[in-house]
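Novice: What follows is model.csv; its format and atoms are CSV, C-alpha atoms.
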```csv
chain,number,residue,atom,x,y,z
A,1,MET,CA,-40.7,53.9,-51.9
A,2,ASP,CA,-36.9,53.8,-51.9
A,3,ILE,CA,-36.6,57.1,-50.1
A,4,LEU,CA,-38.4,55.8,-47.0
A,5,ARG,CA,-36.2,52.8,-46.8
A,6,ASN,CA,-33.0,54.8,-47.0
A,7,TRP,CA,-32.2,56.1,-43.5
A,8,ARG,CA,-30.0,58.9,-45.0
A,9,TYR,CA,-33.0,60.7,-46.5
A,10,VAL,CA,-34.9,60.3,-43.3
A,11,LEU,CA,-31.9,61.8,-41.4
A,12,VAL,CA,-31.7,64.7,-43.9
A,13,ALA,CA,-35.4,65.5,-43.3
A,14,ILE,CA,-35.1,65.3,-39.5
A,15,THR,CA,-31.8,67.3,-39.5
A,16,MET,CA,-33.2,70.0,-41.7
A,17,SER,CA,-36.4,70.3,-39.7
A,18,ILE,CA,-34.5,70.6,-36.4
A,19,ALA,CA,-32.2,73.2,-38.0
A,20,VAL,CA,-35.1,75.3,-39.1
A,21,PHE,CA,-36.9,74.8,-35.8
A,22,LEU,CA,-33.8,76.1,-33.9
A,23,LEU,CA,-33.5,79.0,-36.3
A,24,VAL,CA,-37.1,80.0,-35.7
A,25,LEU,CA,-36.8,79.9,-31.9
A,26,TRP,CA,-33.3,81.3,-31.5
A,27,PHE,CA,-33.3,84.1,-34.2
A,28,PRO,CA,-35.2,86.6,-32.0
A,29,ASN,CA,-32.5,86.2,-29.4
A,30,ARG,CA,-29.5,85.9,-31.7
A,31,VAL,CA,-27.8,88.9,-30.0
A,32,LEU,CA,-28.2,87.4,-26.5
A,33,LEU,CA,-27.0,84.0,-27.6
A,34,PHE,CA,-24.0,85.4,-29.5
A,35,SER,CA,-23.1,87.5,-26.4
A,36,LEU,CA,-23.5,84.6,-24.1
A,37,TRP,CA,-21.5,82.1,-26.2
A,38,THR,CA,-18.6,84.5,-26.6
A,39,ASP,CA,-18.6,85.5,-22.9
A,40,SER,CA,-15.6,83.9,-21.2
A,41,SER,CA,-17.1,84.5,-17.8
A,42,ALA,CA,-20.2,82.4,-18.5
A,43,SER,CA,-20.0,78.7,-17.6
A,44,LEU,CA,-20.6,75.9,-20.1
A,45,GLY,CA,-23.7,75.1,-18.2
A,46,ASP,CA,-25.1,78.6,-18.7
A,47,LYS,CA,-24.1,78.5,-22.4
A,48,VAL,CA,-26.2,75.3,-22.8
A,49,ARG,CA,-29.1,76.0,-20.3
A,50,LEU,CA,-30.3,79.2,-21.7
A,51,PRO,CA,-30.6,78.2,-25.4
A,52,VAL,CA,-32.3,74.9,-24.3
A,53,SER,CA,-34.8,76.9,-22.1
A,54,LEU,CA,-35.6,79.1,-25.1
A,55,LEU,CA,-37.0,76.1,-27.0
A,56,SER,CA,-40.1,76.1,-24.9
A,57,ALA,CA,-40.9,79.5,-26.2
A,58,LEU,CA,-43.2,77.7,-28.7
A,59,GLY,CA,-45.7,77.5,-25.9
A,60,THR,CA,-45.3,81.1,-24.6
A,61,ASN,CA,-44.2,83.3,-27.5
A,62,PHE,CA,-46.5,81.9,-30.2
A,63,SER,CA,-50.3,82.0,-30.7
A,64,PRO,CA,-51.9,78.6,-31.1
A,65,LEU,CA,-52.3,79.3,-34.9
A,66,SER,CA,-48.7,80.4,-35.3
A,67,ALA,CA,-47.4,77.5,-33.2
A,68,ALA,CA,-49.4,75.0,-35.4
A,69,TYR,CA,-48.3,76.3,-38.8
A,70,THR,CA,-44.7,76.7,-37.5
A,71,VAL,CA,-44.6,73.0,-36.6
A,72,VAL,CA,-46.1,72.0,-40.0
A,73,ILE,CA,-43.8,74.3,-42.0
A,74,VAL,CA,-40.7,73.0,-40.2
A,75,ALA,CA,-41.8,69.4,-40.9
A,76,LEU,CA,-42.6,70.2,-44.6
A,77,ILE,CA,-39.3,72.0,-45.2
A,78,GLY,CA,-37.5,68.9,-43.9
A,79,ILE,CA,-39.5,66.6,-46.2
A,80,ASN,CA,-39.2,68.9,-49.2
A,81,THR,CA,-35.4,69.1,-48.8
A,82,ALA,CA,-35.1,65.3,-48.6
A,83,LEU,CA,-37.3,64.8,-51.6
A,84,ILE,CA,-35.3,67.4,-53.7
A,85,ILE,CA,-32.0,65.7,-52.7
A,86,TYR,CA,-33.4,62.3,-53.5
A,87,LEU,CA,-34.6,63.4,-57.0
A,88,LEU,CA,-31.3,65.1,-57.7
A,89,ARG,CA,-29.3,62.1,-56.8
A,90,ALA,CA,-31.6,59.5,-58.3
A,91,ARG,CA,-32.6,61.3,-61.4
A,92,GLY,CA,-30.0,64.0,-61.8
A,93,ALA,CA,-32.6,66.7,-62.0
A,94,ILE,CA,-36.2,67.5,-61.1
A,95,ALA,CA,-38.9,68.5,-63.5
A,96,GLY,CA,-41.2,70.6,-61.4
A,97,GLY,CA,-42.3,71.7,-57.9
A,98,LEU,CA,-39.1,73.6,-57.3
A,99,PHE,CA,-40.8,77.0,-57.6
A,100,ALA,CA,-43.6,76.1,-55.2
A,101,GLY,CA,-41.1,74.5,-52.8
A,102,LEU,CA,-38.8,77.5,-52.7
A,103,SER,CA,-41.8,80.0,-52.5
A,104,GLY,CA,-43.3,77.9,-49.7
A,105,MET,CA,-40.0,77.8,-47.8
A,106,SER,CA,-39.5,81.6,-48.2
A,107,SER,CA,-43.1,82.4,-47.2
A,108,GLY,CA,-43.0,79.9,-44.4
A,109,ILE,CA,-39.8,81.3,-43.0
A,110,LEU,CA,-41.3,84.8,-43.2
A,111,GLY,CA,-44.5,83.8,-41.5
A,112,VAL,CA,-43.4,81.5,-38.7
A,113,GLY,CA,-43.7,82.9,-35.2
A,114,CYS,CA,-45.4,85.7,-33.4
A,115,ALA,CA,-46.1,88.2,-36.2
A,116,ALA,CA,-48.6,90.2,-34.0
A,117,CYS,CA,-46.0,91.1,-31.4
A,118,GLY,CA,-43.0,91.0,-33.6
A,119,SER,CA,-39.5,89.8,-32.6
A,120,LEU,CA,-39.3,87.3,-35.4
A,121,ILE,CA,-38.1,87.5,-39.0
A,122,LEU,CA,-41.1,89.1,-40.6
A,123,MET,CA,-41.3,91.8,-37.9
A,124,TRP,CA,-37.6,92.4,-38.2
A,125,LEU,CA,-37.7,92.7,-42.0
A,126,LEU,CA,-40.7,95.1,-41.8
A,127,SER,CA,-39.0,97.2,-39.1
A,128,VAL,CA,-35.9,97.5,-41.3
A,129,ALA,CA,-38.1,98.5,-44.2
A,130,GLY,CA,-40.3,100.7,-42.0
A,131,GLY,CA,-43.6,98.9,-42.8
A,132,VAL,CA,-44.8,97.5,-39.5
A,133,SER,CA,-48.2,99.2,-39.9
A,134,VAL,CA,-48.9,97.0,-43.0
A,135,LEU,CA,-49.5,94.1,-40.5
A,136,SER,CA,-52.5,95.9,-39.0
A,137,LEU,CA,-54.2,95.7,-42.4
A,138,LEU,CA,-54.0,91.9,-42.6
A,139,PRO,CA,-56.7,89.9,-40.8
A,140,LEU,CA,-54.2,87.5,-39.3
A,141,ARG,CA,-51.6,90.2,-38.8
A,142,GLY,CA,-48.9,88.4,-40.7
A,143,GLY,CA,-50.1,84.9,-40.1
A,144,GLU,CA,-51.1,84.9,-43.7
A,145,PHE,CA,-47.5,84.3,-44.7
A,146,GLY,CA,-47.4,81.2,-42.5
A,147,VAL,CA,-50.7,79.8,-44.0
A,148,LEU,CA,-49.4,80.6,-47.5
A,149,GLY,CA,-46.2,78.8,-46.6
A,150,VAL,CA,-48.1,75.7,-45.6
A,151,ILE,CA,-50.2,75.7,-48.8
A,152,LEU,CA,-47.2,76.2,-51.1
A,153,LEU,CA,-45.0,73.6,-49.2
A,154,GLY,CA,-47.9,71.1,-49.2
A,155,TYR,CA,-48.3,71.6,-53.0
A,156,SER,CA,-44.6,71.3,-53.5
A,157,THR,CA,-44.5,68.1,-51.5
A,158,TYR,CA,-47.3,66.7,-53.6
A,159,ILE,CA,-45.5,67.5,-56.9
A,160,LEU,CA,-42.2,66.1,-55.7
A,161,LEU,CA,-43.8,63.0,-54.3
A,162,LYS,CA,-45.5,62.4,-57.7
A,163,GLN,CA,-42.1,62.5,-59.3
A,164,VAL,CA,-40.6,60.2,-56.7
A,165,ILE,CA,-43.3,57.6,-57.3
A,166,ARG,CA,-43.2,57.9,-61.1
A,167,PRO,CA,-40.9,55.4,-62.7
A,168,PRO,CA,-37.9,56.9,-64.5
A,169,VAL,CA,-39.0,56.3,-68.1
A,170,CYS,CA,-38.5,58.1,-71.3
A,171,GLU,CA,-41.9,59.7,-72.0
A,172,ILE,CA,-43.4,59.7,-75.4
A,173,ASP,CA,-44.4,63.1,-76.6
A,174,THR,CA,-48.0,62.8,-77.7
A,175,SER,CA,-48.6,66.4,-78.4
A,176,ASN,CA,-47.9,66.0,-82.2
A,177,ASN,CA,-49.9,62.7,-82.5
A,178,SER,CA,-53.4,64.0,-82.2
A,179,ASN,CA,-54.7,62.0,-85.2
B,1,MET,CA,-34.1,65.9,-76.0
B,2,GLU,CA,-37.4,67.5,-75.1
B,3,PRO,CA,-37.6,66.3,-71.5
B,4,GLU,CA,-34.1,67.7,-70.9
B,5,THR,CA,-35.2,71.2,-71.6
B,6,LYS,CA,-38.0,70.9,-69.0
B,7,LYS,CA,-35.6,69.8,-66.3
B,8,LEU,CA,-34.1,72.4,-64.0
B,9,ASN,CA,-30.7,72.4,-62.6
B,10,LEU,CA,-30.9,73.2,-58.9
B,11,SER,CA,-27.3,74.4,-58.3
B,12,VAL,CA,-28.0,78.0,-59.3
B,13,PRO,CA,-31.2,78.5,-57.2
B,14,LEU,CA,-29.7,76.7,-54.3
B,15,ALA,CA,-26.5,78.8,-54.5
B,16,ILE,CA,-28.8,81.9,-54.5
B,17,ILE,CA,-30.6,80.7,-51.4
B,18,VAL,CA,-27.4,80.0,-49.5
B,19,ALA,CA,-25.9,83.3,-50.5
B,20,GLY,CA,-29.2,85.0,-49.6
B,21,LEU,CA,-29.1,83.4,-46.1
B,22,PHE,CA,-25.5,84.5,-45.6
B,23,VAL,CA,-26.4,88.1,-46.7
B,24,ALA,CA,-29.5,88.1,-44.5
B,25,SER,CA,-27.5,86.9,-41.5
B,26,ALA,CA,-24.9,89.5,-42.0
B,27,ILE,CA,-27.5,92.3,-42.3
B,28,ALA,CA,-29.3,90.9,-39.2
B,29,LEU,CA,-26.1,90.9,-37.1
B,30,THR,CA,-24.7,94.2,-38.3
B,31,ARG,CA,-27.9,96.3,-38.6
B,32,SER,CA,-29.5,95.4,-35.4
B,33,PRO,CA,-29.1,98.2,-33.0
B,34,ALA,CA,-29.3,95.7,-30.2
B,35,MET,CA,-26.1,93.9,-31.2
B,36,PHE,CA,-24.3,95.3,-28.2
B,37,PRO,CA,-26.8,97.6,-26.3
B,38,THR,CA,-24.9,100.2,-24.4
B,39,GLU,CA,-25.8,101.9,-21.2
B,40,SER,CA,-25.7,105.3,-22.9
B,41,LYS,CA,-28.8,104.3,-25.0
B,42,LEU,CA,-30.6,102.9,-22.0
B,43,LYS,CA,-31.8,105.6,-19.6
B,44,PRO,CA,-30.6,105.1,-16.1
B,45,ILE,CA,-33.0,103.8,-13.5
B,46,THR,CA,-34.2,106.6,-11.3
B,47,ALA,CA,-36.8,107.1,-8.6
B,48,SER,CA,-39.3,108.2,-11.3
B,49,ASP,CA,-39.2,104.7,-12.8
B,50,HIS,CA,-41.9,102.1,-11.9
B,51,ILE,CA,-39.9,99.7,-9.8
B,52,LEU,CA,-41.2,96.5,-8.2
B,53,GLY,CA,-38.9,95.1,-5.5
B,54,ASN,CA,-35.6,96.4,-4.1
B,55,PRO,CA,-34.4,99.5,-6.0
B,56,ASP,CA,-30.9,98.6,-5.0
B,57,ALA,CA,-31.0,95.0,-6.2
B,58,PRO,CA,-27.9,93.8,-7.9
B,59,VAL,CA,-29.9,92.7,-10.9
B,60,LYS,CA,-32.5,94.8,-12.6
B,61,VAL,CA,-34.9,93.6,-15.2
B,62,ILE,CA,-36.1,96.4,-17.4
B,63,GLU,CA,-39.2,95.4,-19.4
B,64,PHE,CA,-40.5,97.4,-22.4
B,65,SER,CA,-44.1,96.3,-22.7
B,66,ASP,CA,-47.4,96.8,-24.5
B,67,THR,CA,-50.7,96.2,-22.6
B,68,GLU,CA,-52.4,94.9,-25.8
B,69,CYS,CA,-49.8,92.4,-26.7
B,70,PRO,CA,-51.0,88.9,-25.7
B,71,PHE,CA,-47.4,87.8,-25.1
B,72,CYS,CA,-46.8,90.7,-22.7
B,73,LYS,CA,-49.9,89.5,-20.8
B,74,GLN,CA,-48.4,86.1,-20.4
B,75,PHE,CA,-45.0,87.5,-19.6
B,76,GLN,CA,-46.6,89.6,-16.8
B,77,ALA,CA,-47.3,86.4,-14.9
B,78,THR,CA,-43.8,85.1,-15.7
B,79,MET,CA,-42.3,88.2,-14.2
B,80,HIS,CA,-44.4,88.0,-11.1
B,81,ARG,CA,-43.2,84.4,-10.7
B,82,ILE,CA,-39.6,85.6,-11.0
B,83,MET,CA,-40.2,88.3,-8.4
B,84,ASN,CA,-41.7,85.7,-6.0
B,85,VAL,CA,-38.4,83.8,-6.2
B,86,TYR,CA,-35.8,86.6,-6.6
B,87,GLY,CA,-37.6,89.7,-5.4
B,88,LYS,CA,-38.4,88.7,-1.8
B,89,ASP,CA,-34.7,88.7,-0.8
B,90,GLY,CA,-33.9,91.8,-2.8
B,91,ARG,CA,-31.8,90.1,-5.5
B,92,VAL,CA,-33.9,91.3,-8.4
B,93,ALA,CA,-35.9,94.5,-9.2
B,94,TRP,CA,-38.4,94.8,-12.0
B,95,VAL,CA,-38.5,98.1,-13.9
B,96,TYR,CA,-41.5,98.7,-16.2
B,97,ARG,CA,-41.3,101.0,-19.2
B,98,GLN,CA,-43.8,101.7,-21.9
B,99,TYR,CA,-43.6,100.4,-25.4
B,100,PRO,CA,-47.1,100.4,-26.9
B,101,ILE,CA,-46.8,99.4,-30.6
B,102,ALA,CA,-49.3,101.9,-32.0
B,103,GLU,CA,-49.1,100.6,-35.5
B,104,ILE,CA,-50.8,97.3,-34.5
B,105,HIS,CA,-52.3,98.2,-31.1
B,106,PRO,CA,-53.6,101.9,-31.3
B,107,LYS,CA,-55.5,101.5,-28.0
B,108,ALA,CA,-52.3,100.6,-26.2
B,109,LEU,CA,-51.1,104.2,-26.3
B,110,LYS,CA,-54.0,105.5,-24.1
B,111,GLU,CA,-53.7,102.5,-21.9
B,112,ALA,CA,-50.1,103.2,-21.3
B,113,GLU,CA,-51.0,106.8,-20.3
B,114,ALA,CA,-53.7,105.4,-18.0
B,115,THR,CA,-51.2,103.3,-16.1
B,116,GLU,CA,-49.1,106.5,-15.7
B,117,CYS,CA,-52.1,108.3,-14.4
B,118,ALA,CA,-52.8,105.5,-11.9
B,119,GLY,CA,-49.2,105.9,-10.7
B,120,GLU,CA,-49.6,109.6,-10.3
B,121,LEU,CA,-52.8,109.3,-8.3
B,122,GLY,CA,-52.1,106.3,-6.2
B,123,GLY,CA,-48.3,105.9,-6.2
B,124,ASN,CA,-46.1,103.0,-7.2
B,125,ALA,CA,-48.5,100.4,-5.7
B,126,ALA,CA,-51.4,101.8,-7.7
B,127,PHE,CA,-49.3,101.7,-10.9
B,128,TRP,CA,-48.6,98.0,-10.5
B,129,ALA,CA,-52.1,97.2,-9.4
B,130,TYR,CA,-53.6,99.0,-12.4
B,131,LEU,CA,-51.1,97.4,-14.7
B,132,ASP,CA,-51.9,93.9,-13.4
B,133,THR,CA,-55.6,94.5,-13.7
B,134,ILE,CA,-55.4,95.8,-17.2
B,135,PHE,CA,-53.5,92.8,-18.3
B,136,GLU,CA,-56.0,90.6,-16.5
B,137,VAL,CA,-59.0,92.3,-18.1
B,138,THR,CA,-57.9,92.9,-21.7
B,139,PRO,CA,-58.6,90.2,-24.3
B,140,SER,CA,-55.4,91.6,-26.0
B,141,ASN,CA,-54.8,92.6,-29.6
B,142,ASP,CA,-56.5,96.0,-29.2
B,143,ASN,CA,-59.8,94.5,-28.0
B,144,LEU,CA,-60.1,96.3,-24.6
B,145,ASP,CA,-63.2,98.4,-24.3
B,146,PRO,CA,-61.8,101.9,-23.5
B,147,ALA,CA,-64.5,102.3,-20.8
B,148,GLU,CA,-62.7,99.6,-18.8
B,149,LEU,CA,-59.9,102.1,-18.2
B,150,PHE,CA,-62.1,104.0,-15.8
B,151,THR,CA,-63.7,100.9,-14.3
B,152,ILE,CA,-60.2,99.6,-13.5
B,153,ALA,CA,-59.2,102.9,-11.8
B,154,GLN,CA,-62.3,102.7,-9.6
B,155,THR,CA,-61.7,99.0,-8.8
B,156,ILE,CA,-58.3,99.7,-7.5
B,157,GLY,CA,-59.6,102.6,-5.4
B,158,LEU,CA,-58.6,105.7,-7.4
B,159,ASP,CA,-60.7,108.8,-7.7
B,160,ARG,CA,-62.6,108.3,-11.0
B,161,LEU,CA,-63.0,112.1,-11.7
B,162,LYS,CA,-59.3,112.8,-11.1
B,163,PHE,CA,-58.4,109.8,-13.2
B,164,GLU,CA,-60.6,111.0,-16.1
B,165,SER,CA,-59.1,114.4,-15.8
B,166,CYS,CA,-55.5,113.1,-15.9
B,167,LEU,CA,-56.2,110.8,-18.9
B,168,ALA,CA,-58.0,113.6,-20.8
B,169,SER,CA,-55.2,116.1,-20.2
B,170,GLY,CA,-52.7,114.0,-22.2
B,171,LYS,CA,-50.0,114.9,-19.7
B,172,TYR,CA,-48.2,111.6,-20.2
B,173,THR,CA,-48.3,111.5,-24.0
B,174,ALA,CA,-44.8,112.8,-24.2
B,175,HIS,CA,-43.5,110.5,-21.5
B,176,VAL,CA,-44.9,107.4,-23.3
B,177,ALA,CA,-43.4,108.7,-26.6
B,178,GLU,CA,-40.0,109.1,-24.8
B,179,ASN,CA,-40.3,105.5,-23.6
B,180,ILE,CA,-41.1,104.3,-27.1
B,181,GLN,CA,-38.1,106.1,-28.5
B,182,GLU,CA,-35.9,104.6,-25.9
B,183,ALA,CA,-37.1,101.1,-26.6
B,184,ILE,CA,-36.4,101.6,-30.3
B,185,SER,CA,-32.9,103.0,-29.6
B,186,VAL,CA,-32.0,100.0,-27.4
B,187,GLY,CA,-33.0,97.7,-30.3
B,188,ALA,CA,-36.5,96.5,-29.3
B,189,GLU,CA,-38.0,94.7,-32.3
B,190,GLY,CA,-41.2,93.8,-30.6
B,191,THR,CA,-42.8,93.3,-27.2
B,192,PRO,CA,-42.2,92.2,-24.6
B,193,TRP,CA,-38.5,93.4,-24.8
B,194,THR,CA,-36.5,92.9,-21.7
B,195,ILE,CA,-33.0,93.9,-20.7
B,196,VAL,CA,-31.5,92.3,-17.7
B,197,VAL,CA,-28.9,94.6,-16.1
B,198,ALA,CA,-26.2,92.9,-14.0
B,199,ALA,CA,-24.4,94.5,-11.1
B,200,ASN,CA,-21.3,95.3,-13.2
B,201,GLY,CA,-23.5,97.1,-15.8
B,202,LYS,CA,-23.5,94.2,-18.3
B,203,LEU,CA,-26.7,94.1,-20.4
B,204,TYR,CA,-28.6,91.0,-21.6
B,205,PRO,CA,-31.4,91.8,-24.0
B,206,LEU,CA,-34.2,89.2,-24.1
B,207,ALA,CA,-36.7,89.3,-26.9
B,208,GLY,CA,-40.3,88.0,-26.6
B,209,GLY,CA,-42.5,86.4,-24.0
B,210,GLN,CA,-39.9,83.8,-23.1
B,211,PRO,CA,-40.7,81.0,-20.6
B,212,TYR,CA,-40.0,81.2,-16.9
B,213,ALA,CA,-37.0,78.8,-17.3
B,214,ALA,CA,-35.3,81.1,-19.8
B,215,VAL,CA,-35.8,84.3,-17.7
B,216,LYS,CA,-34.5,82.4,-14.7
B,217,SER,CA,-31.4,81.1,-16.5
B,218,LEU,CA,-30.6,84.6,-17.7
B,219,ILE,CA,-31.0,86.1,-14.2
B,220,ASP,CA,-28.8,83.4,-12.8
B,221,VAL,CA,-26.1,84.4,-15.3
B,222,ALA,CA,-26.5,88.1,-14.4
B,223,LEU,CA,-26.3,87.4,-10.7
B,224,GLN,CA,-22.9,85.8,-11.2
B,225,GLN,CA,-21.5,89.1,-12.6
B,226,LYS,CA,-19.8,91.1,-9.9
```
For the file at hand, write its structure as structure tokens.

Specialist:
Amino acid sequence: MDILRNWRYVLVAITMSIAVFLLVLWFPNRVLLFSLWTDSSASLGDKVRLPVSLLSALGTNFSPLSAAYTVVIVALIGINTALIIYLLRARGAIAGGLFAGLSGMSSGILGVGCAACGSLILMWLLSVAGGVSVLSLLPLRGGEFGVLGVILLGYSTYILLKQVIRPPVCEIDTSNNSN
Amino acid sequence: MEPETKKLNLSVPLAIIVAGLFVASAIALTRSPAMFPTESKLKPITASDHILGNPDAPVKVIEFSDTECPFCKQFQATMHRIMNVYGKDGRVAWVYRQYPIAEIHPKALKEAEATECAGELGGNAAFWAYLDTIFEVTPSNDNLDPAELFTIAQTIGLDRLKFESCLASGKYTAHVAENIQEAISVGAEGTPWTIVVAANGKLYPLAGGQPYAAVKSLIDVALQQK
């Protein structure tokens, strides 16, 4: 596949995955980080050390299940983005998989992290909407969004990969030639 | 031309997503009550607080916690490690306040009251001993057998009958509710929710059960504030 031989698409996938990973880990402490980065009395070392140390929260602030689907979602979002850009550049458009991809990304972003104890995007959205108790009705207490995100992103990746592999030909419409 | 109609131009949905992200970020930054937490929202630390370490320490770590939250359980160990390093020479004090999230952990409300009863019957040391034991015993996520509350009280040497009477009276229900209200007003979006208070009054809110290195970095920043 051309896409694997082109380092730019690999770079897009890795960059996107890293960006989403940082967003997931830093979003709960956006206030602290903003305050630290804009504090003139804090040293450059402090401004770097704290955000870097927050990255290991994947081991302390996530359940094993949420850590696992967070890593998978982050990787799939990177792959999906690279595939979409490849198809847009190589073919000018894509024929399918977009809805599943966007739904998967949305659901995945909602579900990543510690839904049970809050402090991530889903808990924040629910607290703004006043619906935190909804989580107690779900067996995985919000982890469902993460699992759904993995399924939709997996499906989207499959659809997009099929398009990447398929040669760019003008298809014959056989629907009117049944006889 | 048939295949053309099936194709989908991505520019519109991508623009919507990018715009949505900008709007969401703007809402997140402006609606969060924790954007710049002020001292007026955070109740002052008094002798009635549960304090571990030097009450006059230059840096105070105020933690809002839920005994049924698995991340609070892990964070309890992290905070003890912090106190072993910064508490012995009186540089840091740990202040514990209640934030049981009743919507997802209904049992945590009574457990919070139980810790208050332990404090009343056995003093500050009993409060911390009870709290440590409850975190040690509970499987988290609202799975602690309520009978354990009495067993723990006995284990740490409290009078079981007095403890039962205290817990049944509901005398700390209002206190726990006040703590919850305070947590919400300072911007807590989940537990554990920690606010590091520097000597000059500057507040650093830390969300979640963050690793030891992150808490240590933040305390080092706070210790530099004069």

Novice: One decimal, in Å: what's the spacing between CA of Gly45 (chain A) and CA of Trp26 (chain A)?

Specialist: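 That distance, rounded to one decimal, is 17.5 Å.
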
Novice: Select, from B:Ala199, B:Leu167, B:Ala174, B:Ile156, the residue with the minimum atom-to-atom distance to Thr133 (chain B), counting all atoms listed in the file.

Specialist: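 Checking each of B:Ala199, B:Leu167, B:Ala174, B:Ile156 against Thr133 (chain B), counting all atoms listed in the file, the winner is B:Ile156.
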
Novice: If I take CA of Ala108 (chain B) and CA of Gly143 (chain A), how far is one from the other in Å, to one decimal?

Specialist: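 CA of Ala108 (chain B) sits 21.1 Å away from CA of Gly143 (chain A).
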
Novice: When you count all atoms listed in the file, which of these residues is closest to Arg30 (chain A): B:Tyr204, B:Asn54, B:Asp220, B:Ile62?

Specialist: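 Result for the nearest residue to Arg30 (chain A): B:Tyr204.
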
Novice: Just the number, please: distance in Å from CA of Arg49 (chain A) to CA of Ala214 (chain B), one decimal.

Specialist: 8.0 Å

Novice: What residues have an atom no more than 10 Å from (-31.8, 59.6, -44.7) in the file's own frame, counting all atoms listed in the file, and can you write them as a ChimeraX atom specification?

Specialist: /A:3-15,82,86

Novice: Taking the point (-52.2, 103.2, -7.7) as given in the file, collect each protein or nucleic acid residue that comes within 12 Å of it, counting only C-alpha atoms, and present the set as a PyMOL selection string.

Specialist: chain B and resi 50+114-133+152-159+163

Novice: Would you please work out which residue, of B:Cys166, B:Val59, B:Leu52, B:Val197, is nearest to Met79 (chain B) when using only C-alpha atoms?

Specialist: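 Selected residue with least distance to Met79 (chain B): B:Leu52.
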
Novice: When you look at Ile45 (chain B) with a cut-off of 9 Å (counting only C-alpha atoms), what residues show up, excluding the ones that are within fewer than 5 positions of it in the same chain? I need them as a list in words.

Specialist: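 In the requested format, the answer is Ile51, Pro55, Ile62 and Val95 of chain B.
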
Novice: Take the residues that were just selected and, keeping C-alpha atoms, output them as a PDB file, in the coordinates of the input.

Specialist:
```
ATOM      1  CA  ILE B  51     -39.900  99.700  -9.800  1.00  0.00           C
ATOM      2  CA  PRO B  55     -34.400  99.500  -6.000  1.00  0.00           C
ATOM      3  CA  ILE B  62     -36.100  96.400 -17.400  1.00  0.00           C
ATOM      4  CA  VAL B  95     -38.500  98.100 -13.900  1.00  0.00           C
TER       5      VAL B  95
END
```

Novice: Looking at all atoms listed in the file, which of B:Thr194, B:Ser169, B:Thr46, B:Gln98 is the one that sits closest to chain A?

Specialist: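 Looking only at the distances to chain A, the closest residue turns out to be B:Thr194.
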
Novice: Which residue is closest to Phe27 (chain A)? Choose from A:Leu54, A:Ala75, A:Ala68, A:Val147 and count all atoms listed in the file.

Specialist: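 Nearest to Phe27 (chain A): A:Leu54.
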
Novice: Have a look at A:Ala90, A:Ala67, A:Leu36, A:Ile151 and name the one nearest to chain B; count all atoms listed in the file.

Specialist: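 That would be A:Leu36, the residue with the smallest distance to chain B.
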